[in-house]
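Asker: One file: data-v5.cif (mmCIF, C-alpha atoms and all ligand atoms).
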```
data_final
loop_
_atom_site.label_atom_id
_atom_site.label_comp_id
_atom_site.auth_asym_id
_atom_site.auth_seq_id
_atom_site.Cartn_x
_atom_site.Cartn_y
_atom_site.Cartn_z
CA MET N 574 10.77 12.30 -15.30
CA ARG N 575 7.09 12.80 -16.15
CA ASN N 576 7.61 10.45 -19.06
CA PHE N 577 8.99 7.88 -16.69
CA ILE N 578 5.87 8.09 -14.57
CA VAL N 579 3.58 7.89 -17.58
CA LEU N 580 5.57 4.92 -18.83
CA SER N 581 5.24 3.22 -15.46
CA PHE N 582 1.52 3.72 -15.65
CA LEU N 583 1.23 2.35 -19.13
CA LEU N 584 3.35 -0.64 -18.26
CA THR N 585 1.32 -1.29 -15.18
CA ALA N 586 -1.93 -0.99 -17.09
CA ALA N 587 -0.63 -3.17 -19.90
CA CYS N 588 0.54 -5.89 -17.56
CA GLY N 589 -2.64 -5.82 -15.52
CA GLY N 590 -0.49 -5.05 -12.50
CA GLY N 591 -3.52 -4.13 -10.46
CA GLU N 592 -5.10 -7.55 -10.66
CA LYS N 593 -4.87 -9.96 -7.87
CA SER N 594 -5.74 -13.59 -8.09
CA GLU N 595 -4.38 -15.35 -5.06
CA ALA N 596 -6.87 -16.62 -2.50
CA PRO N 597 -6.97 -14.83 0.83
CA PRO N 598 -5.39 -16.63 3.76
CA ALA N 599 -7.73 -19.19 5.23
CA GLU N 600 -8.42 -18.95 8.93
CA PRO N 601 -7.48 -22.17 10.69
CA ALA N 602 -10.98 -22.41 12.17
CA ALA N 603 -12.61 -21.96 8.77
CA ALA N 604 -10.59 -24.72 7.17
CA GLU N 605 -13.48 -27.19 6.73
CA ALA N 606 -15.26 -26.42 3.50
CA PRO N 607 -19.00 -27.12 3.41
CA PRO N 608 -19.21 -30.58 1.80
CA ALA N 609 -21.84 -29.70 -0.80
CA ALA N 610 -20.06 -26.59 -2.05
CA GLU N 611 -19.22 -26.51 -5.73
CA PRO N 612 -15.64 -25.43 -6.40
CA ALA N 613 -15.79 -21.74 -5.57
CA PRO N 614 -15.85 -19.55 -8.71
CA ALA N 615 -12.26 -18.45 -8.10
CA ALA N 616 -11.46 -16.30 -5.11
CA ALA N 617 -13.55 -13.33 -4.15
CA PRO N 618 -11.52 -10.11 -4.27
CA ALA N 619 -9.31 -10.41 -1.21
CA ALA N 620 -10.33 -6.98 0.00
CA GLU N 621 -13.87 -8.22 0.59
CA ALA N 622 -12.55 -11.26 2.39
CA ALA N 623 -10.58 -9.24 4.94
CA PRO N 624 -11.24 -10.65 8.40
CA ASP N 625 -12.70 -8.54 11.19
CA LEU N 626 -9.35 -7.02 12.07
CA ALA N 627 -10.67 -5.06 15.04
CA ALA N 628 -11.78 -8.31 16.70
CA MET N 629 -8.50 -10.18 16.15
CA PRO N 630 -5.76 -10.59 18.72
CA GLU N 631 -3.06 -8.03 17.98
CA ALA N 632 -0.40 -10.53 16.89
CA ASP N 633 -2.76 -12.23 14.40
CA ARG N 634 -3.90 -8.88 13.11
CA THR N 635 -0.36 -7.65 12.49
CA ALA N 636 0.50 -10.95 10.80
CA TRP N 637 -2.51 -10.59 8.47
CA LEU N 638 -1.65 -6.97 7.68
CA MET N 639 1.97 -7.81 6.90
CA LYS N 640 1.10 -10.74 4.63
CA ARG N 641 -1.63 -8.89 2.76
CA GLY N 642 0.51 -5.74 2.69
CA GLN N 643 3.35 -7.55 0.99
CA GLU N 644 0.94 -8.79 -1.70
CA VAL N 645 -0.46 -5.31 -2.29
CA TYR N 646 3.03 -3.84 -2.39
CA ALA N 647 4.23 -6.37 -4.95
CA GLN N 648 1.08 -7.01 -7.00
CA GLY N 649 -1.24 -4.09 -6.42
CA ALA N 650 -4.89 -4.43 -5.44
CA THR N 651 -8.24 -3.35 -6.82
CA GLY N 652 -7.96 0.44 -7.02
CA GLY N 653 -4.21 0.57 -6.47
CA ILE N 654 -0.97 0.17 -8.40
CA ALA N 655 1.77 -2.16 -7.21
CA CYS N 656 4.05 0.10 -5.15
CA THR N 657 7.04 -1.89 -6.37
CA THR N 658 6.54 -0.38 -9.85
CA CYS N 659 7.96 2.91 -8.61
CA HIS N 660 9.45 2.34 -5.17
CA GLN N 661 11.10 -0.97 -6.22
CA ALA N 662 11.05 -4.34 -4.47
CA ASP N 663 13.72 -3.29 -1.99
CA GLY N 664 11.93 -0.02 -1.19
CA ASN N 665 14.94 2.00 -2.30
CA GLY N 666 13.06 3.80 -5.07
CA VAL N 667 14.85 5.28 -8.07
CA PRO N 668 17.29 8.14 -7.50
CA ALA N 669 15.85 11.55 -8.42
CA ALA N 670 12.54 9.98 -9.49
CA PHE N 671 10.90 7.84 -6.81
CA PRO N 672 11.81 8.30 -3.16
CA PRO N 673 12.92 5.40 -0.99
CA LEU N 674 10.46 4.10 1.55
CA ALA N 675 13.15 3.78 4.15
CA GLY N 676 11.32 6.89 5.07
CA GLN N 677 11.44 9.67 7.53
CA LYS N 678 9.48 9.68 10.71
CA ASP N 679 7.87 13.03 9.85
CA HIS N 680 6.52 11.50 6.62
CA MET N 681 5.68 7.98 7.70
CA GLY N 682 5.60 8.01 11.47
CA ASP N 683 1.90 8.81 11.78
CA CYS N 684 -0.62 6.24 10.48
CA VAL N 685 -3.29 8.75 9.47
CA LYS N 686 -0.84 10.96 7.57
CA HIS N 687 0.77 7.91 5.98
CA ALA N 688 -2.63 6.61 4.83
CA GLY N 689 -3.38 10.10 3.46
CA ILE N 690 -0.36 9.87 1.14
CA VAL N 691 -1.75 6.69 -0.42
CA ILE N 692 -5.35 7.95 -0.55
CA HIS N 693 -4.59 11.37 -2.07
CA GLY N 694 -1.31 10.67 -3.82
CA LEU N 695 1.54 13.15 -3.47
CA ASN N 696 2.84 16.08 -5.52
CA GLY N 697 5.36 18.80 -4.98
CA GLU N 698 8.90 18.92 -3.72
CA ILE N 699 9.77 16.72 -0.77
CA THR N 700 13.09 15.79 0.81
CA VAL N 701 13.71 12.18 1.82
CA ASN N 702 16.94 11.28 3.53
CA GLY N 703 18.52 14.52 2.32
CA GLN N 704 17.54 14.00 -1.35
CA LYS N 705 14.98 16.18 -3.09
CA TYR N 706 12.14 14.66 -5.12
CA ASN N 707 9.49 16.45 -7.11
CA GLY N 708 7.33 13.82 -8.70
CA ALA N 709 3.73 12.77 -8.74
CA MET N 710 2.42 9.74 -6.93
CA PRO N 711 -1.06 8.74 -8.14
CA ALA N 712 -3.98 8.77 -5.69
CA GLN N 713 -4.97 5.22 -4.75
CA GLY N 714 -7.87 5.83 -2.42
CA ALA N 715 -10.04 3.39 -4.35
CA MET N 716 -8.32 0.57 -2.47
CA SER N 717 -10.17 -0.76 0.56
CA ASP N 718 -9.36 0.49 4.04
CA ALA N 719 -8.00 -2.96 4.88
CA ASP N 720 -5.71 -3.05 1.85
CA ILE N 721 -4.35 0.43 2.53
CA ALA N 722 -3.82 -0.39 6.21
CA ALA N 723 -2.05 -3.57 5.10
CA VAL N 724 0.28 -1.97 2.57
CA ILE N 725 1.29 0.87 4.85
CA THR N 726 1.81 -1.56 7.74
CA TYR N 727 4.09 -3.56 5.46
CA GLU N 728 6.04 -0.42 4.49
CA ARG N 729 6.31 0.73 8.05
CA GLN N 730 7.79 -2.58 9.16
CA SER N 731 10.06 -3.21 6.15
CA PHE N 732 13.05 -1.55 4.48
CA GLY N 733 14.62 -0.89 7.87
CA ASN N 734 11.54 0.92 9.22
CA SER N 735 9.91 0.08 12.51
CA PHE N 736 7.04 2.55 12.74
CA GLY N 737 4.44 0.01 13.92
CA PRO N 738 1.21 -1.29 12.37
CA CYS N 739 -1.80 0.78 11.21
CA LEU N 740 -5.49 -0.13 11.25
CA PRO N 741 -8.38 0.29 8.82
CA ALA N 742 -9.80 2.87 11.28
CA ASP N 743 -6.70 5.05 10.66
CA VAL N 744 -7.41 4.85 6.93
CA ALA N 745 -11.08 5.73 7.48
CA LYS N 746 -9.99 8.77 9.48
CA ALA N 747 -7.53 9.84 6.76
CA ARG N 748 -10.40 9.82 4.25
CA THR N 749 -12.12 12.60 6.21
CA LEU N 750 -9.03 14.85 6.20
CA PRO N 751 -7.38 16.97 3.49
CA ALA N 752 -4.33 15.62 1.67
CA PRO N 753 -1.24 15.70 3.89
CA VAL N 754 1.45 18.23 2.99
CA LEU N 755 4.99 16.89 3.19
CA LYS N 756 8.29 18.75 3.09
C1 LIG G 1 3.57 5.69 -10.36
C2 LIG G 1 4.64 5.68 -9.35
C3 LIG G 1 4.27 5.41 -7.90
C4 LIG G 1 3.53 4.37 -7.39
C5 LIG G 1 2.85 3.23 -8.13
C6 LIG G 1 3.54 4.54 -5.94
N1 LIG G 1 4.24 5.66 -5.60
FE1 LIG G 1 4.61 6.35 -3.72
N2 LIG G 1 5.57 7.97 -4.48
C7 LIG G 1 5.79 8.21 -5.82
C8 LIG G 1 6.43 9.50 -5.98
C9 LIG G 1 6.86 10.15 -7.30
C10 LIG G 1 6.57 10.04 -4.67
C11 LIG G 1 7.16 11.41 -4.30
C12 LIG G 1 6.15 12.48 -4.67
C13 LIG G 1 6.71 13.90 -4.56
O1 LIG G 1 7.84 14.11 -5.01
O2 LIG G 1 6.00 14.78 -4.04
C14 LIG G 1 6.04 9.03 -3.75
C15 LIG G 1 6.04 9.15 -2.37
C16 LIG G 1 5.60 8.19 -1.49
C17 LIG G 1 5.70 8.27 -0.03
C18 LIG G 1 6.41 9.34 0.77
C19 LIG G 1 7.88 8.95 0.73
C20 LIG G 1 8.74 9.31 1.88
O3 LIG G 1 9.70 8.55 2.14
O4 LIG G 1 8.53 10.32 2.54
C21 LIG G 1 5.13 7.14 0.46
C22 LIG G 1 4.99 6.75 1.93
C23 LIG G 1 4.66 6.37 -0.67
N3 LIG G 1 4.97 7.03 -1.83
C24 LIG G 1 4.00 5.15 -0.56
C25 LIG G 1 3.51 4.40 -1.65
C26 LIG G 1 2.72 3.20 -1.53
C27 LIG G 1 2.34 2.52 -0.23
C28 LIG G 1 2.43 2.79 -2.79
C29 LIG G 1 1.61 1.59 -3.23
C30 LIG G 1 0.25 1.50 -2.71
C31 LIG G 1 3.01 3.76 -3.70
N4 LIG G 1 3.66 4.71 -2.98
C32 LIG G 1 2.91 3.68 -5.08
C33 LIG G 1 5.46 7.38 -6.87
C34 LIG G 1 4.70 6.23 -6.77
#
```
Is it possible to express this structure as structure tokens?
Ligand code: HEC

Answerer:
Amino acid sequence: MRNFIVLSFLLTAACGGGEKSEAPPAEPAAAEAPPAAEPAPAAAPAAEAAPDLAAMPEADRTAWLMKRGQEVYAQGATGGIACTTCHQADGNGVPAAFPPLAGQKDHMGDCVKHAGIVIHGLNGEITVNGQKYNGAMPAQGAMSDADIAAVITYERQSFGNSFGPCLPADVAKARTLPAPVLK
């Protein structure tokens, strides 16, 4: 079990799973590039290019969070490991090792608590959908608030969940609180 986790880490590190190279989504209004601009030196890290989510209409904001969240889930982000490494592409996890993310409301229903799991990682025995797990999820609080809000929004709205979107402000709040304790 521990070996499995260590192996996952090594594989992830070896494959550079945390890197991210795709350009962030362009805003329709920002589509005209300045004519004199040299070809941009690749994309800036997407986290820095996050739009002002608080100022966006709700539907656009949720769409951005879902799209970015899917990327972070599948590819990782600066400071975070691709969630798919352990929880799998379908969110079903691995029996007895990694819990499914078709999660329970008392684990995932609250944005601040949910963000806390990603920021602090998780250890100790928990029960998900009647199955016990006792593993170690690595802390990934080095990801930006926007990336964490995105990946948890994606989780909350995928795999049969419908817990609603979360915002970077929820992540910022979670950073001020102790690690959540789950059962
Ligand atoms: C190295 C493996 C690993 C990676 C990568 C990982 N997790 Fe986990 N995750 C775990 C383990 C193991 C647990 C259960 C910990 C325990 O037993 O206390 C867990 C638990 C969780 C839970 C609580 C599960 C529930 O249904 O109650 C959530 C939510 C979660 N992870 C989200 C994420 C997100 C989001 C990412 C990507 C940013 C991620 N995890 C990346 C291993 C991982």

Asker: Extract, using all atoms listed in the file, all DNA, RNA and protein residues at most 10 Å from N:Met639, discarding same-chain residues fewer than 6 positions from it, and format them as a PDB file with C-alpha atoms, keeping the file's coordinate frame.

Answerer:
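File part.pdb, as written:
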```pdb
ATOM      1  CA  ASP N 633      -2.760 -12.230  14.400  1.00  0.00           C
ATOM      2  CA  VAL N 645      -0.460  -5.310  -2.290  1.00  0.00           C
ATOM      3  CA  ALA N 722      -3.820  -0.390   6.210  1.00  0.00           C
ATOM      4  CA  ALA N 723      -2.050  -3.570   5.100  1.00  0.00           C
ATOM      5  CA  VAL N 724       0.280  -1.970   2.570  1.00  0.00           C
ATOM      6  CA  ILE N 725       1.290   0.870   4.850  1.00  0.00           C
ATOM      7  CA  THR N 726       1.810  -1.560   7.740  1.00  0.00           C
ATOM      8  CA  TYR N 727       4.090  -3.560   5.460  1.00  0.00           C
ATOM      9  CA  GLU N 728       6.040  -0.420   4.490  1.00  0.00           C
ATOM     10  CA  ARG N 729       6.310   0.730   8.050  1.00  0.00           C
ATOM     11  CA  GLN N 730       7.790  -2.580   9.160  1.00  0.00           C
ATOM     12  CA  SER N 731      10.060  -3.210   6.150  1.00  0.00           C
ATOM     13  CA  PRO N 738       1.210  -1.290  12.370  1.00  0.00           C
TER      14      PRO N 738
END
```

Asker: Would you mind listing the residues within 8 Å of ligand LIG 1 (chain G), counting all atoms listed in the file, as a CSV table (one decimal) with C-alpha atoms, in the frame of the given file?

Answerer:
```csv
chain,number,residue,atom,x,y,z
N,578,ILE,CA,5.9,8.1,-14.6
N,579,VAL,CA,3.6,7.9,-17.6
N,581,SER,CA,5.2,3.2,-15.5
N,582,PHE,CA,1.5,3.7,-15.6
N,645,VAL,CA,-0.5,-5.3,-2.3
N,646,TYR,CA,3.0,-3.8,-2.4
N,649,GLY,CA,-1.2,-4.1,-6.4
N,653,GLY,CA,-4.2,0.6,-6.5
N,654,ILE,CA,-1.0,0.2,-8.4
N,655,ALA,CA,1.8,-2.2,-7.2
N,656,CYS,CA,4.0,0.1,-5.2
N,657,THR,CA,7.0,-1.9,-6.4
N,658,THR,CA,6.5,-0.4,-9.8
N,659,CYS,CA,8.0,2.9,-8.6
N,660,HIS,CA,9.4,2.3,-5.2
N,670,ALA,CA,12.5,10.0,-9.5
N,671,PHE,CA,10.9,7.8,-6.8
N,672,PRO,CA,11.8,8.3,-3.2
N,673,PRO,CA,12.9,5.4,-1.0
N,674,LEU,CA,10.5,4.1,1.6
N,675,ALA,CA,13.2,3.8,4.2
N,676,GLY,CA,11.3,6.9,5.1
N,677,GLN,CA,11.4,9.7,7.5
N,679,ASP,CA,7.9,13.0,9.8
N,680,HIS,CA,6.5,11.5,6.6
N,681,MET,CA,5.7,8.0,7.7
N,687,HIS,CA,0.8,7.9,6.0
N,690,ILE,CA,-0.4,9.9,1.1
N,691,VAL,CA,-1.8,6.7,-0.4
N,694,GLY,CA,-1.3,10.7,-3.8
N,695,LEU,CA,1.5,13.2,-3.5
N,696,ASN,CA,2.8,16.1,-5.5
N,697,GLY,CA,5.4,18.8,-5.0
N,698,GLU,CA,8.9,18.9,-3.7
N,699,ILE,CA,9.8,16.7,-0.8
N,700,THR,CA,13.1,15.8,0.8
N,701,VAL,CA,13.7,12.2,1.8
N,702,ASN,CA,16.9,11.3,3.5
N,705,LYS,CA,15.0,16.2,-3.1
N,706,TYR,CA,12.1,14.7,-5.1
N,707,ASN,CA,9.5,16.4,-7.1
N,708,GLY,CA,7.3,13.8,-8.7
N,709,ALA,CA,3.7,12.8,-8.7
N,710,MET,CA,2.4,9.7,-6.9
N,711,PRO,CA,-1.1,8.7,-8.1
N,713,GLN,CA,-5.0,5.2,-4.8
N,721,ILE,CA,-4.4,0.4,2.5
N,724,VAL,CA,0.3,-2.0,2.6
N,725,ILE,CA,1.3,0.9,4.8
N,728,GLU,CA,6.0,-0.4,4.5
N,755,LEU,CA,5.0,16.9,3.2
```

Asker: Enter the distance from atom CA of N:Ala688 to atom CA of N:Ala745, in Å, rounded to one decimal.

Answerer: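 Computing the Euclidean distance for atom CA of N:Ala688 and atom CA of N:Ala745 yields 8.9 Å.
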
Asker: If you count all atoms listed in the file, which residues fall within 10 Å of N:Leu626, apart from same-chain ones fewer than 3 positions away, as a PyMOL selection string?

Answerer: chain N and resi 623+629-631+633-635+637-638+719+740-742

Asker: Restricting the calculation to all atoms listed in the file, which member of N:Asn734, N:Thr749, N:Asp720, N:Asp625 is positioned closest to N:Gly642?

Answerer: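 Closest residue, counting all atoms listed in the file: N:Asp720.
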
Asker: Provide the atom CA of N:Leu750 to atom CA of N:Thr651 distance in Å, to one decimal place.

Answerer: 22.4 Å

Asker: Please put the answer as JSON: centre and edge lengths, in Å with one decimal, of a box along x, y and z that encloses all listed atoms of stretch 624-641 of chain N plus 8 Å on each side.

Answerer:
```
{"center_x": -5.4, "center_y": -8.6, "center_z": 10.7, "size_x": 30.7, "size_y": 23.2, "size_z": 32.0}
```

Asker: Which distance in Å separates atom CA of N:Gly664 and atom CA of N:Phe732, to one decimal?

Answerer: 6.0 Å

Asker: Nearest residue to N:Ala752 out of N:Asn665, N:Ala712, N:Gly703, N:Lys678, using all atoms listed in the file?

Answerer: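 For N:Ala752, the nearest of the candidates is N:Ala712.
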
Asker: Could you check which of N:Ala747, N:Ala662, N:Ala628, N:Ala715 is closest to N:Val685, using all atoms listed in the file?

Answerer: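 Comparing N:Ala747, N:Ala662, N:Ala628, N:Ala715 against N:Val685, the winner is N:Ala747.
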
Asker: For N:Pro751, work out the shell of residues within 10 Å, counting only C-alpha atoms and skipping chain neighbours fewer than 2 positions away, then give it as number ranges by chain.

Answerer: N: 686, 689, 693, 747-749, 753-754

Asker: Write the residues of the preceding selection, restricted to C-alpha atoms, as an mmCIF file, in the coordinates of the input.

Answerer:
```cif
data_model
loop_
_atom_site.group_PDB
_atom_site.id
_atom_site.type_symbol
_atom_site.label_atom_id
_atom_site.label_comp_id
_atom_site.auth_asym_id
_atom_site.auth_seq_id
_atom_site.Cartn_x
_atom_site.Cartn_y
_atom_site.Cartn_z
ATOM 1 C CA LYS N 686 -0.840 10.960 7.570
ATOM 2 C CA GLY N 689 -3.380 10.100 3.460
ATOM 3 C CA HIS N 693 -4.590 11.370 -2.070
ATOM 4 C CA ALA N 747 -7.530 9.840 6.760
ATOM 5 C CA ARG N 748 -10.400 9.820 4.250
ATOM 6 C CA THR N 749 -12.120 12.600 6.210
ATOM 7 C CA PRO N 753 -1.240 15.700 3.890
ATOM 8 C CA VAL N 754 1.450 18.230 2.990
#
```

Asker: Please return stretch 624-636 of chain N, rebuilt to N, CA and C atoms, as a PDB file, in the coordinates of the input.

Answerer:
```
ATOM      1  N   PRO N 624     -10.595 -10.256   7.155  1.00  0.00           N
ATOM      2  CA  PRO N 624     -11.240 -10.650   8.400  1.00  0.00           C
ATOM      3  C   PRO N 624     -11.602  -9.421   9.229  1.00  0.00           C
ATOM      4  N   ASP N 625     -12.345  -9.631  10.287  1.00  0.00           N
ATOM      5  CA  ASP N 625     -12.700  -8.540  11.190  1.00  0.00           C
ATOM      6  C   ASP N 625     -11.457  -8.200  12.013  1.00  0.00           C
ATOM      7  N   LEU N 626     -10.653  -7.296  11.470  1.00  0.00           N
ATOM      8  CA  LEU N 626      -9.350  -7.020  12.070  1.00  0.00           C
ATOM      9  C   LEU N 626      -9.479  -6.480  13.491  1.00  0.00           C
ATOM     10  N   ALA N 627     -10.522  -5.677  13.729  1.00  0.00           N
ATOM     11  CA  ALA N 627     -10.670  -5.060  15.040  1.00  0.00           C
ATOM     12  C   ALA N 627     -10.881  -6.120  16.128  1.00  0.00           C
ATOM     13  N   ALA N 628     -11.473  -7.271  15.714  1.00  0.00           N
ATOM     14  CA  ALA N 628     -11.780  -8.310  16.700  1.00  0.00           C
ATOM     15  C   ALA N 628     -10.634  -9.308  16.885  1.00  0.00           C
ATOM     16  N   MET N 629      -9.588  -9.196  16.086  1.00  0.00           N
ATOM     17  CA  MET N 629      -8.500 -10.180  16.150  1.00  0.00           C
ATOM     18  C   MET N 629      -7.499  -9.844  17.239  1.00  0.00           C
ATOM     19  N   PRO N 630      -6.872 -10.877  17.822  1.00  0.00           N
ATOM     20  CA  PRO N 630      -5.760 -10.590  18.720  1.00  0.00           C
ATOM     21  C   PRO N 630      -4.670  -9.832  17.960  1.00  0.00           C
ATOM     22  N   GLU N 631      -3.979  -8.950  18.653  1.00  0.00           N
ATOM     23  CA  GLU N 631      -3.060  -8.030  17.980  1.00  0.00           C
ATOM     24  C   GLU N 631      -2.017  -8.751  17.126  1.00  0.00           C
ATOM     25  N   ALA N 632      -1.467  -9.846  17.641  1.00  0.00           N
ATOM     26  CA  ALA N 632      -0.400 -10.530  16.890  1.00  0.00           C
ATOM     27  C   ALA N 632      -0.937 -11.091  15.578  1.00  0.00           C
ATOM     28  N   ASP N 633      -2.152 -11.678  15.618  1.00  0.00           N
ATOM     29  CA  ASP N 633      -2.760 -12.230  14.400  1.00  0.00           C
ATOM     30  C   ASP N 633      -3.063 -11.118  13.412  1.00  0.00           C
ATOM     31  N   ARG N 634      -3.531 -10.007  13.957  1.00  0.00           N
ATOM     32  CA  ARG N 634      -3.900  -8.880  13.110  1.00  0.00           C
ATOM     33  C   ARG N 634      -2.663  -8.341  12.379  1.00  0.00           C
ATOM     34  N   THR N 635      -1.583  -8.166  13.122  1.00  0.00           N
ATOM     35  CA  THR N 635      -0.360  -7.650  12.490  1.00  0.00           C
ATOM     36  C   THR N 635       0.154  -8.639  11.456  1.00  0.00           C
ATOM     37  N   ALA N 636       0.048  -9.936  11.765  1.00  0.00           N
ATOM     38  CA  ALA N 636       0.500 -10.950  10.800  1.00  0.00           C
ATOM     39  C   ALA N 636      -0.329 -10.874   9.526  1.00  0.00           C
TER      40      ALA N 636
END
```
